[in-house]
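Shown next: protein.cif, given as mmCIF, C-alpha atoms.
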```cif
data_start
#
loop_
_atom_site.group_PDB
_atom_site.id
_atom_site.type_symbol
_atom_site.label_atom_id
_atom_site.label_comp_id
_atom_site.auth_asym_id
_atom_site.auth_seq_id
_atom_site.Cartn_x
_atom_site.Cartn_y
_atom_site.Cartn_z
ATOM 1 C CA MET A 38 164.624 174.235 124.948
ATOM 2 C CA THR A 39 162.692 175.742 127.843
ATOM 3 C CA SER A 40 158.914 175.818 128.216
ATOM 4 C CA GLU A 41 158.993 179.596 127.869
ATOM 5 C CA GLU A 42 160.909 179.392 124.594
ATOM 6 C CA TRP A 43 158.396 176.860 123.301
ATOM 7 C CA LYS A 44 155.481 179.024 124.382
ATOM 8 C CA ASN A 45 156.981 181.981 122.524
ATOM 9 C CA LYS A 46 156.858 179.975 119.299
ATOM 10 C CA GLY A 47 153.104 179.655 119.505
ATOM 11 C CA SER A 48 149.923 181.610 120.073
ATOM 12 C CA PHE A 49 146.455 181.112 121.498
ATOM 13 C CA VAL A 50 143.344 180.465 119.434
ATOM 14 C CA ASN A 51 139.851 180.631 120.874
ATOM 15 C CA ILE A 52 137.931 177.435 120.124
ATOM 16 C CA PHE A 53 134.442 177.033 121.603
ATOM 17 C CA ASN A 54 135.293 179.734 124.176
ATOM 18 C CA ARG A 55 138.443 177.903 125.291
ATOM 19 C CA ASN A 56 142.009 179.101 124.738
ATOM 20 C CA ILE A 57 144.033 176.529 122.810
ATOM 21 C CA PHE A 58 147.805 176.839 122.460
ATOM 22 C CA VAL A 59 148.907 176.347 118.845
ATOM 23 C CA ILE A 60 152.264 176.185 117.086
ATOM 24 C CA ASP A 61 152.183 177.001 113.364
ATOM 25 C CA SER A 62 155.631 176.603 111.769
ATOM 26 C CA ASN A 63 154.726 179.150 109.082
ATOM 27 C CA LYS A 64 154.819 181.828 111.752
ATOM 28 C CA ASN A 65 158.254 180.718 112.916
ATOM 29 C CA ASN A 66 160.028 180.277 109.594
ATOM 30 C CA SER A 67 160.679 183.355 107.512
ATOM 31 C CA LYS A 68 161.396 181.168 104.491
ATOM 32 C CA LEU A 69 157.810 179.965 104.400
ATOM 33 C CA ILE A 70 154.855 181.807 102.944
ATOM 34 C CA SER A 71 152.606 183.020 105.745
ATOM 35 C CA SER A 72 149.118 181.933 104.780
ATOM 36 C CA THR A 73 146.051 180.368 106.319
ATOM 37 C CA ASP A 74 144.871 179.117 102.924
ATOM 38 C CA ASN A 75 146.161 175.629 102.272
ATOM 39 C CA ASN A 76 145.487 175.965 98.555
ATOM 40 C CA SER A 77 147.694 179.044 98.201
ATOM 41 C CA ASN A 78 150.588 177.389 100.000
ATOM 42 C CA SER A 79 152.655 174.940 97.931
ATOM 43 C CA GLN A 80 153.821 173.201 101.119
ATOM 44 C CA GLU A 81 151.978 170.212 102.461
ATOM 45 C CA THR A 82 150.459 170.622 105.906
ATOM 46 C CA LEU A 83 151.206 168.220 108.749
ATOM 47 C CA VAL A 84 148.828 168.319 111.717
ATOM 48 C CA ILE A 85 149.983 166.580 114.884
ATOM 49 C CA LEU A 86 148.003 165.137 117.788
ATOM 50 C CA HIS A 87 150.274 164.715 120.817
ATOM 51 C CA GLY A 88 150.224 162.199 123.668
ATOM 52 C CA TYR A 89 149.470 161.894 127.384
ATOM 53 C CA PRO A 90 150.258 163.391 129.868
ATOM 54 C CA THR A 91 152.561 165.738 128.000
ATOM 55 C CA SER A 92 151.973 168.367 125.302
ATOM 56 C CA SER A 93 153.088 169.728 121.950
ATOM 57 C CA PHE A 94 156.487 170.158 123.640
ATOM 58 C CA ASP A 95 157.116 166.488 122.761
ATOM 59 C CA TYR A 96 158.028 167.771 119.289
ATOM 60 C CA HIS A 97 160.524 170.476 120.231
ATOM 61 C CA LYS A 98 163.461 168.391 118.962
ATOM 62 C CA VAL A 99 161.894 167.648 115.565
ATOM 63 C CA LEU A 100 159.822 170.705 114.635
ATOM 64 C CA GLU A 101 162.591 172.425 112.700
ATOM 65 C CA LYS A 102 163.364 169.370 110.556
ATOM 66 C CA LEU A 103 159.690 168.563 109.928
ATOM 67 C CA SER A 104 159.175 172.184 108.857
ATOM 68 C CA GLU A 105 161.615 171.751 105.971
ATOM 69 C CA LYS A 106 158.984 169.633 104.205
ATOM 70 C CA TYR A 107 155.722 170.537 105.897
ATOM 71 C CA ARG A 108 153.835 173.433 107.299
ATOM 72 C CA VAL A 109 153.523 171.925 110.789
ATOM 73 C CA ILE A 110 150.539 172.681 113.006
ATOM 74 C CA ILE A 111 150.419 171.230 116.491
ATOM 75 C CA HIS A 112 148.250 172.244 119.423
ATOM 76 C CA ASP A 113 147.982 171.350 123.087
ATOM 77 C CA HIS A 114 144.782 169.388 123.629
ATOM 78 C CA LEU A 115 142.413 171.003 126.088
ATOM 79 C CA GLY A 116 143.655 170.120 129.583
ATOM 80 C CA PHE A 117 147.267 169.783 128.439
ATOM 81 C CA GLY A 118 150.304 172.050 128.229
ATOM 82 C CA PHE A 119 149.482 175.731 127.869
ATOM 83 C CA SER A 120 145.860 175.251 126.777
ATOM 84 C CA ASP A 121 142.977 175.930 129.160
ATOM 85 C CA LYS A 122 142.289 173.317 131.826
ATOM 86 C CA PRO A 123 138.686 173.886 132.913
ATOM 87 C CA LEU A 124 137.283 171.905 135.811
ATOM 88 C CA ASP A 125 133.788 171.822 134.286
ATOM 89 C CA TYR A 126 134.614 169.705 131.256
ATOM 90 C CA SER A 127 134.296 166.047 130.279
ATOM 91 C CA TYR A 128 137.679 165.724 128.521
ATOM 92 C CA SER A 129 136.187 163.116 126.217
ATOM 93 C CA LEU A 130 138.349 162.096 123.281
ATOM 94 C CA ILE A 131 135.312 162.827 121.116
ATOM 95 C CA GLU A 132 135.320 166.451 122.301
ATOM 96 C CA GLN A 133 139.084 166.639 121.747
ATOM 97 C CA ALA A 134 138.384 165.630 118.136
ATOM 98 C CA ASP A 135 135.728 168.372 117.918
ATOM 99 C CA LEU A 136 138.299 170.937 119.097
ATOM 100 C CA ALA A 137 141.011 169.773 116.714
ATOM 101 C CA LEU A 138 138.681 169.817 113.721
ATOM 102 C CA GLN A 139 137.329 173.253 114.595
ATOM 103 C CA LEU A 140 140.870 174.586 115.007
ATOM 104 C CA TRP A 141 141.906 173.285 111.584
ATOM 105 C CA ASN A 142 138.708 174.651 110.076
ATOM 106 C CA GLN A 143 139.372 178.112 111.533
ATOM 107 C CA MET A 144 142.892 177.933 110.102
ATOM 108 C CA GLY A 145 141.459 177.234 106.660
ATOM 109 C CA LEU A 146 142.999 173.790 106.248
ATOM 110 C CA LYS A 147 141.606 171.651 103.435
ATOM 111 C CA LYS A 148 144.243 168.937 102.853
ATOM 112 C CA VAL A 149 146.519 167.503 105.535
ATOM 113 C CA THR A 150 148.787 164.678 106.591
ATOM 114 C CA LEU A 151 147.686 163.578 110.064
ATOM 115 C CA LEU A 152 150.279 162.346 112.575
ATOM 116 C CA ALA A 153 149.265 160.997 115.967
ATOM 117 C CA HIS A 154 151.057 159.509 118.970
ATOM 118 C CA ASP A 155 149.783 157.848 122.156
ATOM 119 C CA TYR A 156 146.587 159.614 123.391
ATOM 120 C CA GLY A 157 146.479 161.417 120.055
ATOM 121 C CA THR A 158 145.940 158.163 118.160
ATOM 122 C CA SER A 159 142.461 157.815 119.675
ATOM 123 C CA VAL A 160 141.612 161.422 118.803
ATOM 124 C CA ALA A 161 142.752 160.512 115.291
ATOM 125 C CA THR A 162 140.544 157.416 115.107
ATOM 126 C CA GLU A 163 137.501 159.494 116.102
ATOM 127 C CA ILE A 164 138.382 161.870 113.266
ATOM 128 C CA LEU A 165 138.645 158.851 110.941
ATOM 129 C CA VAL A 166 135.112 157.778 111.898
ATOM 130 C CA ARG A 167 133.819 161.099 110.575
ATOM 131 C CA HIS A 168 136.138 161.088 107.567
ATOM 132 C CA ASN A 169 134.876 157.637 106.561
ATOM 133 C CA LYS A 170 131.293 158.900 106.777
ATOM 134 C CA ARG A 171 132.214 161.963 104.683
ATOM 135 C CA LEU A 172 131.195 164.310 107.469
ATOM 136 C CA LEU A 173 134.348 166.433 107.202
ATOM 137 C CA ASN A 174 135.299 169.304 104.949
ATOM 138 C CA LEU A 175 138.874 168.063 105.215
ATOM 139 C CA GLN A 176 140.923 165.738 103.040
ATOM 140 C CA ILE A 177 143.401 163.522 104.889
ATOM 141 C CA ASN A 178 146.064 162.497 102.386
ATOM 142 C CA LYS A 179 148.149 160.357 104.714
ATOM 143 C CA LEU A 180 147.951 158.978 108.240
ATOM 144 C CA ILE A 181 150.994 158.376 110.453
ATOM 145 C CA LEU A 182 150.467 156.443 113.685
ATOM 146 C CA CYS A 183 153.076 156.102 116.444
ATOM 147 C CA ASN A 184 152.962 154.062 119.652
ATOM 148 C CA GLY A 185 149.476 154.376 121.062
ATOM 149 C CA SER A 186 147.424 151.763 122.896
ATOM 150 C CA ILE A 187 144.654 151.740 120.304
ATOM 151 C CA HIS A 188 144.131 148.052 121.028
ATOM 152 C CA ILE A 189 143.698 148.839 124.709
ATOM 153 C CA GLU A 190 143.158 145.165 125.558
ATOM 154 C CA HIS A 191 146.879 144.587 124.896
ATOM 155 C CA SER A 192 148.217 147.719 126.606
ATOM 156 C CA LYS A 193 150.545 147.296 129.581
ATOM 157 C CA LEU A 194 149.232 150.159 131.704
ATOM 158 C CA ARG A 195 151.387 151.644 134.458
ATOM 159 C CA ILE A 196 150.053 151.375 138.000
ATOM 160 C CA ILE A 197 149.609 155.140 138.200
ATOM 161 C CA GLN A 198 147.481 155.111 135.040
ATOM 162 C CA LYS A 199 145.216 152.460 136.537
ATOM 163 C CA LEU A 200 144.836 154.473 139.741
ATOM 164 C CA LEU A 201 144.226 157.778 137.929
ATOM 165 C CA LYS A 202 141.532 156.374 135.635
ATOM 166 C CA SER A 203 139.560 155.008 138.590
ATOM 167 C CA LYS A 204 136.559 157.063 139.720
ATOM 168 C CA ILE A 205 137.370 156.013 143.291
ATOM 169 C CA THR A 206 141.103 156.708 143.488
ATOM 170 C CA GLY A 207 141.735 159.088 140.586
ATOM 171 C CA LYS A 208 141.104 162.412 142.303
ATOM 172 C CA TRP A 209 143.233 161.512 145.318
ATOM 173 C CA ILE A 210 146.131 160.155 143.290
ATOM 174 C CA ALA A 211 146.104 163.352 141.224
ATOM 175 C CA LYS A 212 146.483 165.408 144.412
ATOM 176 C CA LEU A 213 149.374 163.246 145.624
ATOM 177 C CA THR A 214 151.227 163.179 142.317
ATOM 178 C CA ASN A 215 154.462 165.167 142.382
ATOM 179 C CA TYR A 216 157.538 165.693 140.243
ATOM 180 C CA SER A 217 159.381 162.694 141.711
ATOM 181 C CA ILE A 218 156.536 160.339 140.779
ATOM 182 C CA PHE A 219 156.262 161.927 137.339
ATOM 183 C CA LYS A 220 160.014 161.657 136.754
ATOM 184 C CA LYS A 221 160.126 157.986 137.733
ATOM 185 C CA ASN A 222 157.181 157.000 135.534
ATOM 186 C CA MET A 223 158.362 158.989 132.518
ATOM 187 C CA GLY A 224 161.927 157.727 132.834
ATOM 188 C CA ASN A 225 160.764 154.121 132.928
ATOM 189 C CA ILE A 226 159.190 154.308 129.468
ATOM 190 C CA TYR A 227 162.432 155.310 127.763
ATOM 191 C CA PHE A 228 164.544 152.434 126.450
ATOM 192 C CA ASP A 229 167.750 154.431 126.877
ATOM 193 C CA LYS A 230 167.269 156.457 130.037
ATOM 194 C CA THR A 231 170.309 158.601 129.247
ATOM 195 C CA LYS A 232 168.294 160.156 126.417
ATOM 196 C CA VAL A 233 166.111 162.165 128.801
ATOM 197 C CA THR A 234 167.528 164.838 131.089
ATOM 198 C CA ASP A 235 166.216 166.038 134.399
ATOM 199 C CA GLN A 236 165.778 169.505 132.894
ATOM 200 C CA GLU A 237 163.653 168.154 130.035
ATOM 201 C CA LEU A 238 161.423 166.303 132.485
ATOM 202 C CA LYS A 239 161.103 169.449 134.617
ATOM 203 C CA GLU A 240 159.902 171.383 131.555
ATOM 204 C CA MET A 241 157.272 168.693 130.904
ATOM 205 C CA TRP A 242 156.192 168.767 134.547
ATOM 206 C CA PHE A 243 155.975 172.564 134.484
ATOM 207 C CA GLN A 244 153.583 172.381 131.539
ATOM 208 C CA LEU A 245 151.526 169.653 133.205
ATOM 209 C CA GLU A 246 151.150 171.809 136.319
ATOM 210 C CA ASN A 247 150.465 174.981 134.320
ATOM 211 C CA ASN A 248 146.944 176.382 134.859
ATOM 212 C CA GLU A 249 146.516 174.052 137.861
ATOM 213 C CA GLY A 250 146.754 171.027 135.602
ATOM 214 C CA ARG A 251 147.005 168.503 138.413
ATOM 215 C CA LYS A 252 143.360 169.203 139.233
ATOM 216 C CA VAL A 253 142.255 167.690 135.917
ATOM 217 C CA ILE A 254 144.855 164.950 135.337
ATOM 218 C CA HIS A 255 142.515 162.235 136.622
ATOM 219 C CA GLN A 256 139.784 163.476 134.274
ATOM 220 C CA LEU A 257 142.186 163.317 131.331
ATOM 221 C CA THR A 258 143.081 159.736 132.257
ATOM 222 C CA ASN A 259 139.487 158.671 131.582
ATOM 223 C CA TYR A 260 140.603 158.355 127.943
ATOM 224 C CA ILE A 261 141.709 154.822 128.863
ATOM 225 C CA ASN A 262 138.144 153.887 129.756
ATOM 226 C CA GLU A 263 136.880 155.474 126.525
ATOM 227 C CA ARG A 264 139.206 153.250 124.536
ATOM 228 C CA TYR A 265 137.190 150.315 125.881
ATOM 229 C CA TYR A 266 133.790 152.006 125.461
ATOM 230 C CA PHE A 267 134.391 153.021 121.836
ATOM 231 C CA TRP A 268 136.550 150.068 120.806
ATOM 232 C CA HIS A 269 134.278 148.961 117.957
ATOM 233 C CA ARG A 270 133.782 152.534 116.727
ATOM 234 C CA TRP A 271 137.495 153.338 116.570
ATOM 235 C CA ILE A 272 138.956 149.973 115.510
ATOM 236 C CA GLY A 273 136.148 149.812 112.974
ATOM 237 C CA ALA A 274 137.223 153.173 111.548
ATOM 238 C CA LEU A 275 140.789 151.914 111.093
ATOM 239 C CA LYS A 276 139.563 148.791 109.304
ATOM 240 C CA GLU A 277 137.354 150.872 107.012
ATOM 241 C CA THR A 278 139.732 153.688 106.091
ATOM 242 C CA LYS A 279 141.507 153.669 102.733
ATOM 243 C CA ILE A 280 143.894 156.479 103.683
ATOM 244 C CA PRO A 281 147.538 155.446 103.076
ATOM 245 C CA THR A 282 148.924 154.807 106.553
ATOM 246 C CA ARG A 283 152.442 154.588 107.921
ATOM 247 C CA ILE A 284 152.865 152.886 111.289
ATOM 248 C CA VAL A 285 156.120 153.996 112.925
ATOM 249 C CA TRP A 286 156.505 151.955 116.105
ATOM 250 C CA ALA A 287 159.111 151.793 118.856
ATOM 251 C CA LYS A 288 159.706 148.110 119.466
ATOM 252 C CA ASN A 289 160.756 148.507 123.101
ATOM 253 C CA ASP A 290 157.767 150.478 124.338
ATOM 254 C CA PRO A 291 156.698 148.938 127.673
ATOM 255 C CA ILE A 292 153.136 150.310 127.335
ATOM 256 C CA ALA A 293 152.040 150.259 123.669
ATOM 257 C CA VAL A 294 153.658 146.888 123.033
ATOM 258 C CA PRO A 295 154.553 145.472 119.564
ATOM 259 C CA ILE A 296 151.454 143.281 119.237
ATOM 260 C CA ILE A 297 149.358 146.459 118.927
ATOM 261 C CA ALA A 298 151.338 147.560 115.882
ATOM 262 C CA GLU A 299 151.125 144.068 114.409
ATOM 263 C CA LEU A 300 147.334 144.063 114.751
ATOM 264 C CA LEU A 301 147.074 147.514 113.138
ATOM 265 C CA HIS A 302 149.263 146.275 110.290
ATOM 266 C CA LYS A 303 146.813 143.405 109.697
ATOM 267 C CA GLU A 304 143.665 145.531 110.023
ATOM 268 C CA ILE A 305 144.407 148.724 108.079
ATOM 269 C CA GLN A 306 143.906 148.176 104.353
ATOM 270 C CA ASN A 307 146.704 150.335 102.932
ATOM 271 C CA ASN A 308 149.629 150.552 105.350
ATOM 272 C CA GLU A 309 153.307 149.973 105.977
ATOM 273 C CA LEU A 310 154.776 149.076 109.355
ATOM 274 C CA ILE A 311 158.218 150.429 110.248
ATOM 275 C CA TRP A 312 159.914 149.380 113.479
ATOM 276 C CA MET A 313 162.255 151.533 115.519
ATOM 277 C CA GLU A 314 164.632 149.260 117.384
ATOM 278 C CA ASN A 315 166.039 150.041 120.836
ATOM 279 C CA CYS A 316 163.542 152.824 121.445
ATOM 280 C CA GLY A 317 160.865 153.452 124.061
ATOM 281 C CA HIS A 318 157.489 155.150 124.093
ATOM 282 C CA PHE A 319 158.489 158.724 123.204
ATOM 283 C CA LEU A 320 160.136 158.070 119.832
ATOM 284 C CA MET A 321 160.432 161.725 118.821
ATOM 285 C CA LEU A 322 162.220 162.556 122.062
ATOM 286 C CA GLU A 323 164.434 159.486 122.450
ATOM 287 C CA LYS A 324 165.529 159.142 118.803
ATOM 288 C CA PRO A 325 164.525 162.413 117.117
ATOM 289 C CA LYS A 326 166.752 162.106 114.025
ATOM 290 C CA ALA A 327 165.821 158.512 113.241
ATOM 291 C CA TRP A 328 162.125 159.139 113.896
ATOM 292 C CA THR A 329 162.036 162.268 111.716
ATOM 293 C CA LYS A 330 163.717 160.419 108.862
ATOM 294 C CA LEU A 331 161.060 157.689 108.974
ATOM 295 C CA VAL A 332 158.234 160.225 109.082
ATOM 296 C CA LEU A 333 159.608 162.233 106.166
ATOM 297 C CA GLN A 334 160.819 159.433 103.882
#
```
Can you turn what I pasted into structure tokens?
Amino acid sequence: MTSEEWKNKGSFVNIFNRNIFVIDSNKNNSKLISSTDNNSNSQETLVILHGYPTSSFDYHKVLEKLSEKYRVIIHDHLGFGFSDKPLDYSYSLIEQADLALQLWNQMGLKKVTLLAHDYGTSVATEILVRHNKRLLNLQINKLILCNGSIHIEHSKLRIIQKLLKSKITGKWIAKLTNYSIFKKNMGNIYFDKTKVTDQELKEMWFQLENNEGRKVIHQLTNYINERYYFWHRWIGALKETKIPTRIVWAKNDPIAVPIIAELLHKEIQNNELIWMENCGHFLMLEKPKAWTKLVLQ
């Protein structure tokens, strides 16, 4: 699938005076009832928080299958994909949570299953903080977590991530980053490198560059620092939550390594841990059929 085809599946929603790109499977499936009222729709709703440095496009191989069970809603975080990429913005994970919650509120969502991967897992934990404190007008029925360095102290960061998150080197590395560097780093986090094509990587790069995205990539990378700053807030939320949680984890991820999943399995009160063998960081792209089956079962 091309970036343009993916873009045509979605639309833009104005959230806090920013344009956010959103895919709503109800608008793409004539078999589904078109409705913004969760209560009038017999289908469950799945909201997805995507990873870094990519976009909702990560789910282009699995959207159709997920839509057989769920009404699927996935947006590009601010600064990612086709969403706005303002220069005058903090790109805090806390503000990304604000945007996601406001989007779902404007769409009339009341009950959801929340799925998060990579960067999105920290947006999810901020949402859990508020859910635990009963600050949300939103019921989360189930939580699904996939390969994210929530326990940042165990993450095996790539060199480029370390350089981009630095206040000294970040801006300059962002300017020097090109498709070749992107391709090498993305390819290295697949277990089976034959599962990603050059064309697929070019589509991802196109979306990263869209709206002059390279100018904000170093700001987005500050999420790594926030994972340290808010460690107690976010790990604490996971320990406190009683939401049934499924942890679907690629065992061969070189970044979000297995010990992170094992710790989450120990800390979250009501969870199951499911391993995906012979799979790297982008589970839904490398093994879409197997990953979808585990999410839907």
Please build the interface table for range 106-186 of chain A against range 277-288 of chain A with a cut-off of 7 Å, listing for each qualifying residue the nearest atom pair and the distance in Å to one decimal; count all atoms listed in the file, order rows by chain and increasing number, and write it as a tab-separated table.
```
residue	atom	partner	partner_atom	distance
A:Asn169	CA	A:Thr278	CA	6.3
A:Asn178	CA	A:Ile280	CA	6.5
A:Lys179	CA	A:Pro281	CA	5.2
A:Leu180	CA	A:Thr282	CA	4.6
A:Ile181	CA	A:Arg283	CA	4.8
A:Leu182	CA	A:Ile284	CA	4.9
A:Cys183	CA	A:Val285	CA	5.1
A:Asn184	CA	A:Trp286	CA	5.4
```
In Å, how far is it from CA of Phe319 in chain A to CA of Ile296 in chain A?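 Computing it gives 17.4 Å between the two atoms.
CA of Gly157 in chain A sits 7.9 Å away from CA of Tyr89 in chain A.
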So that I can check the surroundings of Lys199 in chain A, please list as JSON, numbers by chain every protein, DNA and RNA residue that reaches within 10 Å of it, counting only C-alpha atoms and ignoring chain neighbours fewer than 3 positions away. {"A": [194, 195, 196, 202, 203, 206, 207, 258, 259, 261, 262]}
Dump as a PDB file, in the coordinates of the input, selection limited to C-alpha atoms:
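New file again_28.pdb:
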```pdb
ATOM      1  CA  LEU A 194     149.232 150.159 131.704  1.00  0.00           C
ATOM      2  CA  ARG A 195     151.387 151.644 134.458  1.00  0.00           C
ATOM      3  CA  ILE A 196     150.053 151.375 138.000  1.00  0.00           C
ATOM      4  CA  LYS A 202     141.532 156.374 135.635  1.00  0.00           C
ATOM      5  CA  SER A 203     139.560 155.008 138.590  1.00  0.00           C
ATOM      6  CA  THR A 206     141.103 156.708 143.488  1.00  0.00           C
ATOM      7  CA  GLY A 207     141.735 159.088 140.586  1.00  0.00           C
ATOM      8  CA  THR A 258     143.081 159.736 132.257  1.00  0.00           C
ATOM      9  CA  ASN A 259     139.487 158.671 131.582  1.00  0.00           C
ATOM     10  CA  ILE A 261     141.709 154.822 128.863  1.00  0.00           C
ATOM     11  CA  ASN A 262     138.144 153.887 129.756  1.00  0.00           C
TER      12      ASN A 262
END
```
Among A:Glu237, A:Glu263, A:Glu323, A:Glu132, Ile187 in chain A is approached most closely, using only C-alpha atoms, by A:Glu263
So which residues touch Leu130 in chain A within 8 Å, counting all atoms listed in the file, skipping near sequence neighbours fewer than 3 positions away, as a ChimeraX atom specification? /A:133-134,159-160,163,260,263
Residues in the PyMOL selection byres ((chain A and resi 47-51) around 12), expressed as a ChimeraX atom specification: /A:40-46,52-65,93-94,97,109-115,118-121,136-137,139-144
Just to confirm, what's the straight-line distance from CA of His302 in chain A to CA of Trp271 in chain A in Å (one decimal)?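 Calculated distance between CA of His302 in chain A and CA of Trp271 in chain A is 15.1 Å.
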In terms of all atoms listed in the file, the residue from A:Thr231, A:Gln256, A:Gln198, A:Asn248 at minimal distance from Ile292 in chain A is A:Gln198
For the point (137.9, 152.0, 116.5) in file coordinates, what residues are within 12 Å, counting all atoms listed in the file? Give the answer as a ChimeraX atom specification? /A:158-167,169,186-189,263-278,301,304-305
Suppose we keep C-alpha atoms; can you now write the selection as a PDB file, keeping the file's coordinate frame?
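Below is the file part20.pdb, written as the result:
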```pdb
ATOM      1  CA  THR A 158     145.940 158.163 118.160  1.00  0.00           C
ATOM      2  CA  SER A 159     142.461 157.815 119.675  1.00  0.00           C
ATOM      3  CA  VAL A 160     141.612 161.422 118.803  1.00  0.00           C
ATOM      4  CA  ALA A 161     142.752 160.512 115.291  1.00  0.00           C
ATOM      5  CA  THR A 162     140.544 157.416 115.107  1.00  0.00           C
ATOM      6  CA  GLU A 163     137.501 159.494 116.102  1.00  0.00           C
ATOM      7  CA  ILE A 164     138.382 161.870 113.266  1.00  0.00           C
ATOM      8  CA  LEU A 165     138.645 158.851 110.941  1.00  0.00           C
ATOM      9  CA  VAL A 166     135.112 157.778 111.898  1.00  0.00           C
ATOM     10  CA  ARG A 167     133.819 161.099 110.575  1.00  0.00           C
ATOM     11  CA  ASN A 169     134.876 157.637 106.561  1.00  0.00           C
ATOM     12  CA  SER A 186     147.424 151.763 122.896  1.00  0.00           C
ATOM     13  CA  ILE A 187     144.654 151.740 120.304  1.00  0.00           C
ATOM     14  CA  HIS A 188     144.131 148.052 121.028  1.00  0.00           C
ATOM     15  CA  ILE A 189     143.698 148.839 124.709  1.00  0.00           C
ATOM     16  CA  GLU A 263     136.880 155.474 126.525  1.00  0.00           C
ATOM     17  CA  ARG A 264     139.206 153.250 124.536  1.00  0.00           C
ATOM     18  CA  TYR A 265     137.190 150.315 125.881  1.00  0.00           C
ATOM     19  CA  TYR A 266     133.790 152.006 125.461  1.00  0.00           C
ATOM     20  CA  PHE A 267     134.391 153.021 121.836  1.00  0.00           C
ATOM     21  CA  TRP A 268     136.550 150.068 120.806  1.00  0.00           C
ATOM     22  CA  HIS A 269     134.278 148.961 117.957  1.00  0.00           C
ATOM     23  CA  ARG A 270     133.782 152.534 116.727  1.00  0.00           C
ATOM     24  CA  TRP A 271     137.495 153.338 116.570  1.00  0.00           C
ATOM     25  CA  ILE A 272     138.956 149.973 115.510  1.00  0.00           C
ATOM     26  CA  GLY A 273     136.148 149.812 112.974  1.00  0.00           C
ATOM     27  CA  ALA A 274     137.223 153.173 111.548  1.00  0.00           C
ATOM     28  CA  LEU A 275     140.789 151.914 111.093  1.00  0.00           C
ATOM     29  CA  LYS A 276     139.563 148.791 109.304  1.00  0.00           C
ATOM     30  CA  GLU A 277     137.354 150.872 107.012  1.00  0.00           C
ATOM     31  CA  THR A 278     139.732 153.688 106.091  1.00  0.00           C
ATOM     32  CA  LEU A 301     147.074 147.514 113.138  1.00  0.00           C
ATOM     33  CA  GLU A 304     143.665 145.531 110.023  1.00  0.00           C
ATOM     34  CA  ILE A 305     144.407 148.724 108.079  1.00  0.00           C
TER      35      ILE A 305
END
```
So, with all atoms listed in the file as the atoms that count, which of A:Leu83, A:Met38, A:Leu124, A:Leu320 lies closest to Lys106 in chain A?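 For Lys106 in chain A, the nearest of the candidates is A:Leu83.
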Nearest to Lys193 in chain A, chosen from A:Glu81, A:Glu314, A:Glu299, A:Asp290, with only C-alpha atoms counted in the distances: A:Asp290
Between A:Tyr128, A:Leu100, A:Leu213, A:Leu138, single out the one closest to Ile177 in chain A, counting only C-alpha atoms.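 Checking each of A:Tyr128, A:Leu100, A:Leu213, A:Leu138 against Ile177 in chain A, counting only C-alpha atoms, the winner is A:Leu138.
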Which residue of A:His168, A:His87, A:Lys220, A:Lys102 approaches Pro325 in chain A most closely, using only C-alpha atoms: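 The shortest atom-to-atom distance to Pro325 in chain A comes from A:Lys102.
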Applying the PyMOL selection byres ((chain A and resi 90) around 8) to the file I just gave you, which residues come out? Please list them as an NGL selection string. :A and (88-89 or 91-92 or 117 or 245 or 254)
Since the input lacks atoms, please generate N, CA and C atoms for range 38-48 of chain A and provide them as a PDB file, keeping the file's coordinate frame.
```
ATOM      1  N   MET A  38     165.574 173.124 125.073  1.00  0.00           N
ATOM      2  CA  MET A  38     164.624 174.235 124.948  1.00  0.00           C
ATOM      3  C   MET A  38     163.777 174.333 126.215  1.00  0.00           C
ATOM      4  N   THR A  39     163.522 175.550 126.655  1.00  0.00           N
ATOM      5  CA  THR A  39     162.692 175.742 127.843  1.00  0.00           C
ATOM      6  C   THR A  39     161.217 175.851 127.452  1.00  0.00           C
ATOM      7  N   SER A  40     160.353 175.677 128.441  1.00  0.00           N
ATOM      8  CA  SER A  40     158.914 175.818 128.216  1.00  0.00           C
ATOM      9  C   SER A  40     158.582 177.221 127.712  1.00  0.00           C
ATOM     10  N   GLU A  41     159.264 178.210 128.265  1.00  0.00           N
ATOM     11  CA  GLU A  41     158.993 179.596 127.869  1.00  0.00           C
ATOM     12  C   GLU A  41     159.378 179.835 126.419  1.00  0.00           C
ATOM     13  N   GLU A  42     160.487 179.261 126.000  1.00  0.00           N
ATOM     14  CA  GLU A  42     160.909 179.392 124.594  1.00  0.00           C
ATOM     15  C   GLU A  42     159.903 178.726 123.671  1.00  0.00           C
ATOM     16  N   TRP A  43     159.397 177.566 124.096  1.00  0.00           N
ATOM     17  CA  TRP A  43     158.396 176.860 123.301  1.00  0.00           C
ATOM     18  C   TRP A  43     157.100 177.680 123.224  1.00  0.00           C
ATOM     19  N   LYS A  44     156.700 178.217 124.346  1.00  0.00           N
ATOM     20  CA  LYS A  44     155.481 179.024 124.382  1.00  0.00           C
ATOM     21  C   LYS A  44     155.587 180.230 123.457  1.00  0.00           C
ATOM     22  N   ASN A  45     156.778 180.808 123.380  1.00  0.00           N
ATOM     23  CA  ASN A  45     156.981 181.981 122.524  1.00  0.00           C
ATOM     24  C   ASN A  45     156.891 181.654 121.039  1.00  0.00           C
ATOM     25  N   LYS A  46     156.987 180.388 120.691  1.00  0.00           N
ATOM     26  CA  LYS A  46     156.858 179.975 119.299  1.00  0.00           C
ATOM     27  C   LYS A  46     155.400 179.911 118.856  1.00  0.00           C
ATOM     28  N   GLY A  47     154.502 179.858 119.837  1.00  0.00           N
ATOM     29  CA  GLY A  47     153.104 179.655 119.505  1.00  0.00           C
ATOM     30  C   GLY A  47     152.214 180.834 119.838  1.00  0.00           C
ATOM     31  N   SER A  48     150.919 180.589 119.754  1.00  0.00           N
ATOM     32  CA  SER A  48     149.923 181.610 120.073  1.00  0.00           C
ATOM     33  C   SER A  48     148.663 180.905 120.551  1.00  0.00           C
TER      34      SER A  48
END
```
